[in-house]
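Novice: Structure file coords16.txt, compact mmCIF, N, CA and C atoms, is pasted below:
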```
# COMPACT_ATOMS: atom_id res chain seq x y z
N MET A 7 108.92 104.32 106.53
CA MET A 7 107.68 103.57 106.48
C MET A 7 107.80 102.53 105.36
N GLU A 8 107.45 101.33 105.68
CA GLU A 8 107.54 100.25 104.70
C GLU A 8 106.15 99.92 104.18
N ALA A 9 105.99 99.95 102.87
CA ALA A 9 104.70 99.66 102.25
C ALA A 9 104.67 98.20 101.80
N THR A 10 103.53 97.59 102.01
CA THR A 10 103.34 96.22 101.56
C THR A 10 102.27 96.23 100.48
N ILE A 11 102.62 95.74 99.30
CA ILE A 11 101.66 95.69 98.20
C ILE A 11 101.08 94.29 98.16
N ARG A 12 99.76 94.21 98.31
CA ARG A 12 99.11 92.92 98.35
C ARG A 12 98.38 92.57 97.07
N GLN A 13 98.27 93.54 96.19
CA GLN A 13 97.58 93.29 94.93
C GLN A 13 98.28 94.07 93.83
N PRO A 14 98.05 93.69 92.59
CA PRO A 14 98.70 94.41 91.49
C PRO A 14 98.26 95.88 91.47
N LEU A 15 99.13 96.73 90.99
CA LEU A 15 98.81 98.14 90.87
C LEU A 15 97.79 98.35 89.76
N ASN A 16 96.89 99.32 89.98
CA ASN A 16 95.93 99.64 88.93
C ASN A 16 96.54 100.69 87.99
N ALA A 17 95.83 101.01 86.95
CA ALA A 17 96.34 101.93 85.92
C ALA A 17 96.68 103.30 86.50
N ALA A 18 95.84 103.81 87.41
CA ALA A 18 96.09 105.13 88.00
C ALA A 18 97.36 105.12 88.84
N GLN A 19 97.56 104.06 89.62
CA GLN A 19 98.75 103.96 90.44
C GLN A 19 100.01 103.89 89.59
N ILE A 20 99.97 103.14 88.53
CA ILE A 20 101.12 103.03 87.63
C ILE A 20 101.42 104.38 86.98
N GLU A 21 100.37 105.07 86.56
CA GLU A 21 100.54 106.39 85.93
C GLU A 21 101.19 107.37 86.90
N LEU A 22 100.72 107.37 88.15
CA LEU A 22 101.32 108.27 89.14
C LEU A 22 102.78 107.92 89.41
N LEU A 23 103.08 106.65 89.55
CA LEU A 23 104.46 106.24 89.78
C LEU A 23 105.36 106.66 88.63
N ASN A 24 104.89 106.47 87.41
CA ASN A 24 105.69 106.88 86.24
C ASN A 24 105.89 108.39 86.22
N SER A 25 104.88 109.14 86.63
CA SER A 25 104.96 110.60 86.62
C SER A 25 105.91 111.13 87.68
N VAL A 26 105.82 110.58 88.89
CA VAL A 26 106.65 111.10 89.98
C VAL A 26 108.13 110.74 89.81
N ALA A 27 108.42 109.82 88.95
CA ALA A 27 109.82 109.47 88.70
C ALA A 27 110.61 110.67 88.17
N TYR A 28 109.93 111.65 87.59
CA TYR A 28 110.59 112.82 87.03
C TYR A 28 110.71 113.97 88.01
N LEU A 29 110.10 113.84 89.18
CA LEU A 29 110.18 114.92 90.17
C LEU A 29 111.51 114.84 90.91
N ASP A 30 112.24 115.95 90.89
CA ASP A 30 113.52 115.94 91.59
C ASP A 30 113.66 117.12 92.55
N LYS A 31 112.63 117.94 92.65
CA LYS A 31 112.67 119.09 93.55
C LYS A 31 111.55 118.96 94.58
N GLU A 32 111.87 119.36 95.80
CA GLU A 32 110.88 119.34 96.89
C GLU A 32 109.67 120.21 96.54
N GLU A 33 109.92 121.32 95.88
CA GLU A 33 108.84 122.23 95.48
C GLU A 33 107.87 121.55 94.52
N ASP A 34 108.39 120.76 93.60
CA ASP A 34 107.54 120.03 92.65
C ASP A 34 106.68 119.01 93.38
N LEU A 35 107.27 118.33 94.37
CA LEU A 35 106.51 117.37 95.15
C LEU A 35 105.39 118.05 95.92
N ARG A 36 105.68 119.20 96.52
CA ARG A 36 104.63 119.96 97.24
C ARG A 36 103.50 120.35 96.29
N GLU A 37 103.86 120.79 95.09
CA GLU A 37 102.85 121.19 94.11
C GLU A 37 101.98 119.99 93.71
N LEU A 38 102.62 118.84 93.53
CA LEU A 38 101.86 117.63 93.19
C LEU A 38 100.91 117.25 94.33
N LYS A 39 101.40 117.30 95.56
CA LYS A 39 100.55 117.00 96.71
C LYS A 39 99.35 117.94 96.78
N ASN A 40 99.59 119.22 96.54
CA ASN A 40 98.49 120.20 96.55
C ASN A 40 97.49 119.91 95.44
N THR A 41 97.99 119.56 94.28
CA THR A 41 97.11 119.23 93.16
C THR A 41 96.26 118.01 93.48
N LEU A 42 96.88 116.98 94.05
CA LEU A 42 96.13 115.78 94.43
C LEU A 42 95.11 116.09 95.53
N ALA A 43 95.49 116.92 96.47
CA ALA A 43 94.57 117.29 97.55
C ALA A 43 93.35 118.01 96.98
N ARG A 44 93.58 118.94 96.04
CA ARG A 44 92.45 119.65 95.42
C ARG A 44 91.56 118.68 94.63
N PHE A 45 92.19 117.73 93.94
CA PHE A 45 91.45 116.74 93.17
C PHE A 45 90.53 115.92 94.08
N PHE A 46 91.08 115.41 95.19
CA PHE A 46 90.27 114.58 96.08
C PHE A 46 89.23 115.40 96.84
N ALA A 47 89.55 116.65 97.13
CA ALA A 47 88.56 117.53 97.76
C ALA A 47 87.38 117.76 96.81
N LYS A 48 87.68 117.90 95.53
CA LYS A 48 86.63 118.08 94.53
C LYS A 48 85.75 116.83 94.43
N LEU A 49 86.37 115.64 94.48
CA LEU A 49 85.60 114.39 94.47
C LEU A 49 84.69 114.31 95.70
N ALA A 50 85.23 114.66 96.86
CA ALA A 50 84.45 114.62 98.09
C ALA A 50 83.28 115.60 98.02
N ASP A 51 83.54 116.77 97.47
CA ASP A 51 82.50 117.78 97.33
C ASP A 51 81.37 117.29 96.42
N LYS A 52 81.73 116.64 95.32
CA LYS A 52 80.71 116.08 94.41
C LYS A 52 79.87 115.03 95.12
N GLU A 53 80.53 114.18 95.92
CA GLU A 53 79.81 113.13 96.64
C GLU A 53 78.89 113.73 97.70
N LEU A 54 79.34 114.76 98.39
CA LEU A 54 78.47 115.43 99.36
C LEU A 54 77.27 116.06 98.67
N ASP A 55 77.49 116.67 97.51
CA ASP A 55 76.37 117.23 96.75
C ASP A 55 75.36 116.14 96.38
N ARG A 56 75.86 114.98 95.97
CA ARG A 56 74.97 113.88 95.61
C ARG A 56 74.17 113.41 96.82
N LEU A 57 74.84 113.26 97.95
CA LEU A 57 74.15 112.82 99.17
C LEU A 57 73.10 113.84 99.60
N TRP A 58 73.40 115.12 99.43
CA TRP A 58 72.45 116.18 99.78
C TRP A 58 71.22 116.11 98.86
N GLU A 59 71.48 115.99 97.56
CA GLU A 59 70.39 115.94 96.58
C GLU A 59 69.50 114.72 96.79
N GLU A 60 70.08 113.61 97.25
CA GLU A 60 69.30 112.39 97.48
C GLU A 60 68.65 112.39 98.86
N GLY A 61 68.89 113.42 99.64
CA GLY A 61 68.26 113.53 100.96
C GLY A 61 68.92 112.68 102.03
N ILE A 62 70.08 112.14 101.74
CA ILE A 62 70.77 111.31 102.73
C ILE A 62 71.38 112.18 103.83
N ILE A 63 71.87 113.35 103.46
CA ILE A 63 72.31 114.31 104.46
C ILE A 63 71.51 115.59 104.30
N ASN A 64 71.39 116.31 105.41
CA ASN A 64 70.69 117.60 105.40
C ASN A 64 71.30 118.45 106.52
N GLU A 65 70.71 119.60 106.77
CA GLU A 65 71.27 120.50 107.79
C GLU A 65 71.29 119.85 109.17
N GLU A 66 70.28 119.05 109.48
CA GLU A 66 70.21 118.39 110.77
C GLU A 66 71.38 117.40 110.94
N VAL A 67 71.65 116.63 109.91
CA VAL A 67 72.75 115.66 109.96
C VAL A 67 74.08 116.39 110.13
N ILE A 68 74.26 117.46 109.40
CA ILE A 68 75.51 118.22 109.50
C ILE A 68 75.65 118.81 110.89
N GLU A 69 74.57 119.27 111.47
CA GLU A 69 74.60 119.80 112.83
C GLU A 69 75.00 118.70 113.82
N GLN A 70 74.49 117.49 113.62
CA GLN A 70 74.86 116.37 114.48
C GLN A 70 76.35 116.06 114.37
N TRP A 71 76.89 116.13 113.15
CA TRP A 71 78.31 115.89 112.96
C TRP A 71 79.15 116.86 113.80
N GLY A 72 78.66 118.09 113.91
CA GLY A 72 79.39 119.11 114.68
C GLY A 72 79.48 118.80 116.15
N HIS A 73 78.64 117.92 116.65
CA HIS A 73 78.63 117.58 118.07
C HIS A 73 79.24 116.22 118.35
N GLU A 74 79.68 115.52 117.33
CA GLU A 74 80.28 114.20 117.52
C GLU A 74 81.71 114.33 118.01
N HIS A 75 82.09 113.39 118.85
CA HIS A 75 83.47 113.29 119.32
C HIS A 75 83.99 111.95 118.83
N MET A 76 84.80 112.00 117.81
CA MET A 76 85.26 110.76 117.16
C MET A 76 86.74 110.51 117.46
N ARG A 77 87.15 110.82 118.67
CA ARG A 77 88.54 110.60 119.05
C ARG A 77 88.78 109.12 119.30
N THR A 78 90.01 108.72 119.08
CA THR A 78 90.40 107.35 119.34
C THR A 78 90.53 107.16 120.85
N PRO A 79 89.84 106.18 121.41
CA PRO A 79 89.98 105.95 122.85
C PRO A 79 91.33 105.31 123.15
N TYR A 80 92.11 105.97 123.97
CA TYR A 80 93.42 105.45 124.34
C TYR A 80 93.37 104.87 125.75
N ARG A 81 94.09 103.81 125.94
CA ARG A 81 94.18 103.22 127.27
C ARG A 81 95.19 104.02 128.09
N GLN A 82 94.90 104.15 129.35
CA GLN A 82 95.83 104.85 130.22
C GLN A 82 97.04 103.97 130.48
N LYS A 83 98.20 104.61 130.53
CA LYS A 83 99.42 103.88 130.81
C LYS A 83 99.42 103.47 132.29
N MET A 84 99.88 102.27 132.52
CA MET A 84 99.92 101.77 133.90
C MET A 84 101.33 101.80 134.44
```
Let me see whether you can do it: turn the structure in this file into structure tokens.
Specialist:
Amino acid sequence: MEATIRQPLNAAQIELLNSVAYLDKEEDLRELKNTLARFFAKLADKELDRLWEEGIINEEVIEQWGHEHMRTPYRQKM
């Protein structure tokens, strides 16, 4: 996969790049990925709590989400 950078890296991106330069084991990379996943899950959880407290989402909205079908529509091959 080829990445295209269109803007300068921010401080967080630079810090992560500098940190991962020291990873040389697949196990360390997995641990880093898990740590980042937990970090972003925690951010998402905080945002959901905020939306709930502000009344933007509620049980009814969550129930509606459960019935949504958000699949990508694919064209049939001809």
Novice: Taking every listed atom of region 36-54 of chain A and adding 8 Å to each side, what centre and edge lengths in Å (one decimal) does the axis-aligned box have, as lines of an AutoDock Vina configuration file?
Specialist:
```
center_x = 91.5
center_y = 117.2
center_z = 96.3
size_x = 44.4
size_y = 24.1
size_z = 22.2
```
Novice: Calculate how many Å separate CA of Lys52 (chain A) from CA of Asn40 (chain A), rounding to one decimal.
Specialist: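 Answer for the CA of Lys52 (chain A) to CA of Asn40 (chain A) separation: 18.4 Å.
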Novice: Report, in Å with one decimal, the straight-line distance from atom C of Ile20 (chain A) to atom C of Ala50 (chain A).
Specialist: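 Computed distance, atom C of Ile20 (chain A) to atom C of Ala50 (chain A), equals 24.0 Å.
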Novice: To one decimal place, how far is CA of Asp55 (chain A) from CA of Trp71 (chain A) in Å?
Specialist: 16.4 Å
Novice: How would region 53-66 of chain A look written as an mmCIF file, in the first residue's frame with C-alpha atoms?
Specialist:
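Dumped to out_13.cif:
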```cif
data_model
loop_
_atom_site.group_PDB
_atom_site.id
_atom_site.type_symbol
_atom_site.label_atom_id
_atom_site.label_comp_id
_atom_site.auth_asym_id
_atom_site.auth_seq_id
_atom_site.Cartn_x
_atom_site.Cartn_y
_atom_site.Cartn_z
ATOM 1 C CA GLU A 53 -17.750 11.026 22.979
ATOM 2 C CA LEU A 54 -20.740 8.683 23.211
ATOM 3 C CA ASP A 55 -21.132 9.614 26.885
ATOM 4 C CA ARG A 56 -21.109 13.297 25.926
ATOM 5 C CA LEU A 57 -23.700 12.777 23.198
ATOM 6 C CA TRP A 58 -25.893 10.832 25.644
ATOM 7 C CA GLU A 59 -25.611 13.518 28.327
ATOM 8 C CA GLU A 60 -26.514 16.231 25.800
ATOM 9 C CA GLY A 61 -29.545 14.245 24.653
ATOM 10 C CA ILE A 62 -28.271 13.830 21.109
ATOM 11 C CA ILE A 63 -28.489 10.052 21.389
ATOM 12 C CA ASN A 64 -30.794 7.963 23.540
ATOM 13 C CA GLU A 65 -32.153 4.412 23.688
ATOM 14 C CA GLU A 66 -34.449 5.063 20.725
#
```
